[in-house]
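To start, the structure under review is shown below, and the notes come after it.
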Amino acid sequence: MSLRAYLDRLGWSPERLAKEINRVSGPGAISSKAPYAWLRGSYPRGNTPRLVAEILGCHLGENVTVEKVWPDKWRHVVPPLPCAKAAVVTQGPLAEALRDVECGNPPLLADATVLTVAVDWAGEERARPRSQASGVELTPEVLDLVGTRVVELRRLQDDRSGPIVLDWAHHDLRWISGLTGGCAYDSAQAAELHRHLAELAEIAGWSAIDLGRHGCAQRYFLLALRATTAAGARELGAHALSCLGYLASWTGDPQGALRLHRIARHGASDSPRRLRALLACREARAHAMLGRRSAFEQAMDEAVTLAGTDSTGPTWLTWVSHATLVAKAGKSWIDLDQPDRAEQELLHSLPELGSHKPRNQLLHTITLAEARIRQGNAEGAADVVLAGLDQFAPHLGASRVRERLAVVRKALADRGTPASRTACAAITTILA
């Protein structure tokens, strides 16, 4: 398949595709002539490839991925940075690495760079965190304050995210990086300080994803991975690596994501079951995006089994539960062209999620609407969209939520039923 083949199946001109993109993303998002350049071999920027795939999938009623639309391009969408620049991000001083994300939204690093970092992490020996004799004494009160800030920012990020959370997290990262270089501490304090830094970098990474700043997100996750090494926190390192894998999936590289998830799982083989469950679930999603149903089911079965046998784990994983993982499988079943199975899993798991991570619940609700649209049930999709907006409207700050709502709005508008029109109007009001 290719972009031209999909347009031929729909009977669309390149201008029609541009019109559909602008209807979803807003007037003027792309030029009406841009798709002509794509047909001649150029590759769209930013989130546009994923948006094109979702629009084509909604109109065709099937799973369409970036890999299918651009089979010759999708593995090479990221131009590698110069080696010296990449080294700043992956090996340089923390303060210098942080400055790299202050320029706006830097480009993603090449797949090979990230994979090299992952392999190095997997092969490194576990070292005791290093104490530091020079500098101002790092007191327990300061460490407690840092830990409190991490908890507060994680709660805010879970609730609604947005630029304010990212700005706060980045400010605190600069503060903590100053503490790592300018304070005196023993090895236990070194471990705690760098663990806090890693958790905070992950929070910043997810906030950046929510804002569509994928180059920044990648750098924050790489910073988190580096900090876990200094902290001797192998489990948190595996989680940071899986976050990089999630980002690879989100930006249209499920094969690269699969490599990272496998390395993370191998490095966390003796970790608490809850962490291993999450890592297996994320690997399962990559398999689903690649159309590998058997491998998806095997990894997903492992995830559900692990989550159901142990409730222990680090505090940053308290949100992972059997219901959470089953809900996450819903999107994968849509990727595998099984919307009925997606609906079944989501209807079973959504009531059990409780009030934690409301933005994720809204994303799962949107997935349920997508599953119903794929089955031709526009009325049911409209009902669940209206209920979700009524319950989770304050949590719409994430660009990934807004983008998916815009695609659902377009799909419902094509159905033309009274309920669909009502849901479309509600989405339009919210997005405005």
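Identifiers in the structure tokens: chain A, B, ... in order shown; residue index from 1 per chain; ligand index from 1 in order shown.
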
Output as a Markdown table one row per residue of segment 101-176 of chain A within 12 Å of segment 221-227 of chain A: the closest atom pair and its distance in Å to one decimal place, counting only C-alpha atoms, sorted by chain and residue number ascending.
```
| residue | atom | partner | partner_atom | distance |
| --- | --- | --- | --- | --- |
| A:Val101 | CA | A:Leu223 | CA | 11.1 |
| A:Leu108 | CA | A:Leu222 | CA | 11.5 |
| A:Leu109 | CA | A:Leu222 | CA | 10.4 |
| A:Thr113 | CA | A:Leu222 | CA | 10.7 |
| A:Val114 | CA | A:Leu222 | CA | 8.2 |
| A:Leu115 | CA | A:Leu222 | CA | 11.1 |
| A:Thr116 | CA | A:Leu222 | CA | 11.6 |
| A:Val117 | CA | A:Leu222 | CA | 8.3 |
| A:Ala118 | CA | A:Leu225 | CA | 8.8 |
| A:Val119 | CA | A:Leu225 | CA | 11.9 |
| A:Asp120 | CA | A:Arg226 | CA | 10.8 |
| A:Trp121 | CA | A:Leu225 | CA | 8.2 |
| A:Ala122 | CA | A:Leu225 | CA | 11.1 |
| A:Glu124 | CA | A:Arg226 | CA | 11.7 |
| A:Pro129 | CA | A:Ala227 | CA | 10.5 |
| A:His170 | CA | A:Leu223 | CA | 11.6 |
| A:Leu173 | CA | A:Leu223 | CA | 10.0 |
| A:Arg174 | CA | A:Leu223 | CA | 11.8 |
| A:Ile176 | CA | A:Ala227 | CA | 11.1 |
```

Can you tell me which residues surround segment 3-7 of chain A at a distance of at most 7 Å, considering only C-alpha atoms, apart from same-chain residues fewer than 3 positions away, and format the answer as a ChimeraX atom specification? /A:10-13,39,69-70

May I ask for the distance between atom CA of Arg421 of chain A and atom CA of Ala378 of chain A, given in Å to one decimal place? 10.2 Å

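Closest approach to Leu336 of chain A from the set A:Leu258, A:Glu62, A:Thr367, A:Ala169 is made by A:Glu62, with distances taken over only C-alpha atoms.
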
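Here the question is which of A:Ile373, A:Ala288, A:Ala387, A:Leu166 gets nearest to Glu343 of chain A using only C-alpha atoms, and that residue is A:Ile373.
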
So that I can check the secondary structure, give me every residue of segment 96-245 of chain A assigned alpha helix (DSSP H) by backbone DSSP, as a compact mmCIF listing (two decimals) with C-alpha atoms, in the first residue's frame.
```
# COMPACT_ATOMS: atom_id res chain seq x y z
CA GLU A 96 23.80 21.43 28.87
CA ALA A 97 21.36 18.65 28.01
CA LEU A 98 18.54 20.67 29.57
CA ARG A 99 19.46 23.72 27.52
CA ASP A 100 18.97 21.62 24.39
CA ASP A 111 16.69 5.65 15.91
CA ALA A 112 20.27 4.33 15.96
CA THR A 113 21.28 6.86 18.62
CA VAL A 114 18.46 5.89 20.95
CA LEU A 115 19.02 2.18 20.34
CA THR A 116 22.72 2.55 21.17
CA VAL A 117 21.84 4.25 24.46
CA ALA A 118 19.38 1.45 25.23
CA VAL A 119 21.91 -1.30 24.49
CA ASP A 120 24.55 0.46 26.60
CA TRP A 121 22.06 0.69 29.47
CA ALA A 122 21.25 -3.01 29.19
CA GLY A 123 24.92 -4.03 29.26
CA PRO A 140 17.40 15.70 54.52
CA GLU A 141 14.99 18.65 54.49
CA VAL A 142 16.04 19.59 50.96
CA LEU A 143 15.67 15.99 49.78
CA ASP A 144 12.20 15.83 51.32
CA LEU A 145 11.26 19.05 49.52
CA VAL A 146 12.45 17.62 46.20
CA GLY A 147 10.42 14.46 46.78
CA THR A 148 7.32 16.49 47.62
CA ARG A 149 7.68 18.50 44.41
CA VAL A 150 7.87 15.31 42.37
CA VAL A 151 4.66 14.00 43.96
CA GLU A 152 2.85 17.29 43.39
CA LEU A 153 3.89 17.58 39.75
CA ARG A 154 3.00 13.96 39.03
CA ARG A 155 -0.49 14.59 40.41
CA LEU A 156 -0.87 17.69 38.23
CA GLN A 157 0.42 15.85 35.17
CA ASP A 158 -2.00 12.99 35.77
CA ASP A 159 -4.88 15.42 36.17
CA PRO A 163 2.49 23.95 29.43
CA ILE A 164 2.43 25.09 33.06
CA VAL A 165 3.29 21.60 34.33
CA LEU A 166 6.07 21.28 31.76
CA ASP A 167 7.52 24.68 32.70
CA TRP A 168 7.47 23.79 36.39
CA ALA A 169 9.02 20.39 35.79
CA HIS A 170 11.77 21.86 33.62
CA HIS A 171 12.50 24.56 36.21
CA ASP A 172 12.79 21.93 38.93
CA LEU A 173 15.03 19.78 36.73
CA ARG A 174 17.44 22.69 36.40
CA TRP A 175 17.29 23.19 40.17
CA ILE A 176 17.98 19.52 40.92
CA SER A 177 20.75 19.30 38.31
CA GLY A 178 22.37 22.19 40.19
CA LEU A 179 22.10 20.22 43.41
CA THR A 180 23.76 17.16 41.84
CA GLY A 181 26.78 19.22 40.86
CA GLY A 182 26.99 21.75 43.68
CA SER A 187 25.86 7.52 48.36
CA ALA A 188 22.37 7.02 49.79
CA GLN A 189 21.53 10.68 49.21
CA ALA A 190 23.03 10.45 45.72
CA ALA A 191 20.67 7.59 44.92
CA GLU A 192 17.63 9.44 46.22
CA LEU A 193 18.50 12.73 44.51
CA HIS A 194 19.09 11.13 41.11
CA ARG A 195 15.96 9.00 41.46
CA HIS A 196 13.93 12.17 42.03
CA LEU A 197 15.61 13.71 38.99
CA ALA A 198 14.68 10.69 36.87
CA GLU A 199 11.04 10.73 37.97
CA LEU A 200 10.81 14.45 37.32
CA ALA A 201 12.33 14.03 33.86
CA GLU A 202 9.68 11.40 33.07
CA ILE A 203 6.94 13.79 34.18
CA ALA A 204 8.41 16.44 31.88
CA GLY A 205 8.57 13.90 29.06
CA TRP A 206 4.90 12.97 29.32
CA SER A 207 3.94 16.64 29.56
CA ALA A 208 5.91 17.29 26.37
CA ILE A 209 4.12 14.41 24.61
CA ASP A 210 0.80 15.92 25.66
CA HIS A 214 8.13 14.93 20.75
CA GLY A 215 11.77 15.97 20.38
CA CYS A 216 11.65 17.45 23.87
CA ALA A 217 9.91 14.37 25.25
CA GLN A 218 12.62 12.12 23.85
CA ARG A 219 15.35 14.19 25.49
CA TYR A 220 13.58 14.21 28.84
CA PHE A 221 13.21 10.41 28.76
CA LEU A 222 16.89 10.04 27.84
CA LEU A 223 17.76 12.32 30.75
CA ALA A 224 15.62 10.13 33.01
CA LEU A 225 17.46 7.03 31.80
CA ARG A 226 20.83 8.64 32.56
CA ALA A 227 19.67 9.67 36.02
CA THR A 228 18.54 6.13 36.86
CA THR A 229 22.06 4.89 36.15
CA ALA A 230 23.49 7.44 38.59
CA ALA A 231 20.84 6.40 41.12
CA ARG A 234 17.39 -0.34 37.45
CA GLU A 235 13.60 -0.64 37.62
CA LEU A 236 13.06 3.06 36.98
CA GLY A 237 15.56 2.83 34.13
CA ALA A 238 13.54 0.08 32.46
CA HIS A 239 10.46 2.26 32.81
CA ALA A 240 12.23 5.26 31.25
CA LEU A 241 13.33 3.07 28.35
CA SER A 242 9.77 1.85 27.84
CA CYS A 243 8.65 5.50 27.75
CA LEU A 244 11.05 5.99 24.85
CA GLY A 245 9.45 2.95 23.23
```

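The shortest atom-to-atom distance to Tyr246 of chain A, with only C-alpha atoms taken into account, belongs to A:Ala264 out of A:Val408, A:Arg16, A:Ala264, A:Asp383.
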
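For the set A:Leu247, A:Leu363, A:Leu368, A:Leu278, the residue with the smallest atom-to-atom gap to Trp333 of chain A is A:Leu368, counting only C-alpha atoms.
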
Min atom-atom distance to Asp337 of chain A from the set A:Ala233, A:Ala286, A:Ala280, A:Ala371, counting only C-alpha atoms, belongs to A:Ala371

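Coordinates place atom CA of Arg9 of chain A at a distance of 8.5 Å from atom CA of Leu60 of chain A.
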
Find the residues near His287 of chain A: any atom within 8 Å, counting only C-alpha atoms, skip ones fewer than 5 places away on the same chain, and give them as an NGL selection string. :A and (254 or 258 or 292-293 or 295-296)

Write the residues of the preceding selection, restricted to N, CA and C atoms, as a PDB file, in the first residue's frame.
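Output (selection.pdb):
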```pdb
ATOM      1  N   PRO A 254       6.657   1.593  15.146  1.00  0.00           N
ATOM      2  CA  PRO A 254       6.415   0.468  16.056  1.00  0.00           C
ATOM      3  C   PRO A 254       7.552  -0.543  16.082  1.00  0.00           C
ATOM      4  N   LEU A 258       9.351  -1.678  19.426  1.00  0.00           N
ATOM      5  CA  LEU A 258       9.446  -3.072  19.848  1.00  0.00           C
ATOM      6  C   LEU A 258      10.857  -3.394  20.343  1.00  0.00           C
ATOM      7  N   ARG A 292       0.744  -8.040  14.240  1.00  0.00           N
ATOM      8  CA  ARG A 292       1.131  -9.380  14.698  1.00  0.00           C
ATOM      9  C   ARG A 292       0.213  -9.813  15.837  1.00  0.00           C
ATOM     10  N   ARG A 293      -0.907 -10.381  15.485  1.00  0.00           N
ATOM     11  CA  ARG A 293      -1.916 -10.690  16.495  1.00  0.00           C
ATOM     12  C   ARG A 293      -1.430 -11.731  17.497  1.00  0.00           C
ATOM     13  N   ALA A 295       1.607 -12.541  18.497  1.00  0.00           N
ATOM     14  CA  ALA A 295       2.597 -11.978  19.416  1.00  0.00           C
ATOM     15  C   ALA A 295       1.946 -10.987  20.373  1.00  0.00           C
ATOM     16  N   PHE A 296       0.973 -10.214  19.863  1.00  0.00           N
ATOM     17  CA  PHE A 296       0.247  -9.285  20.729  1.00  0.00           C
ATOM     18  C   PHE A 296      -0.470 -10.038  21.844  1.00  0.00           C
TER      19      PHE A 296
END
```

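Atom CA of Ile334 of chain A lies 28.5 Å from atom CA of Ser42 of chain A.
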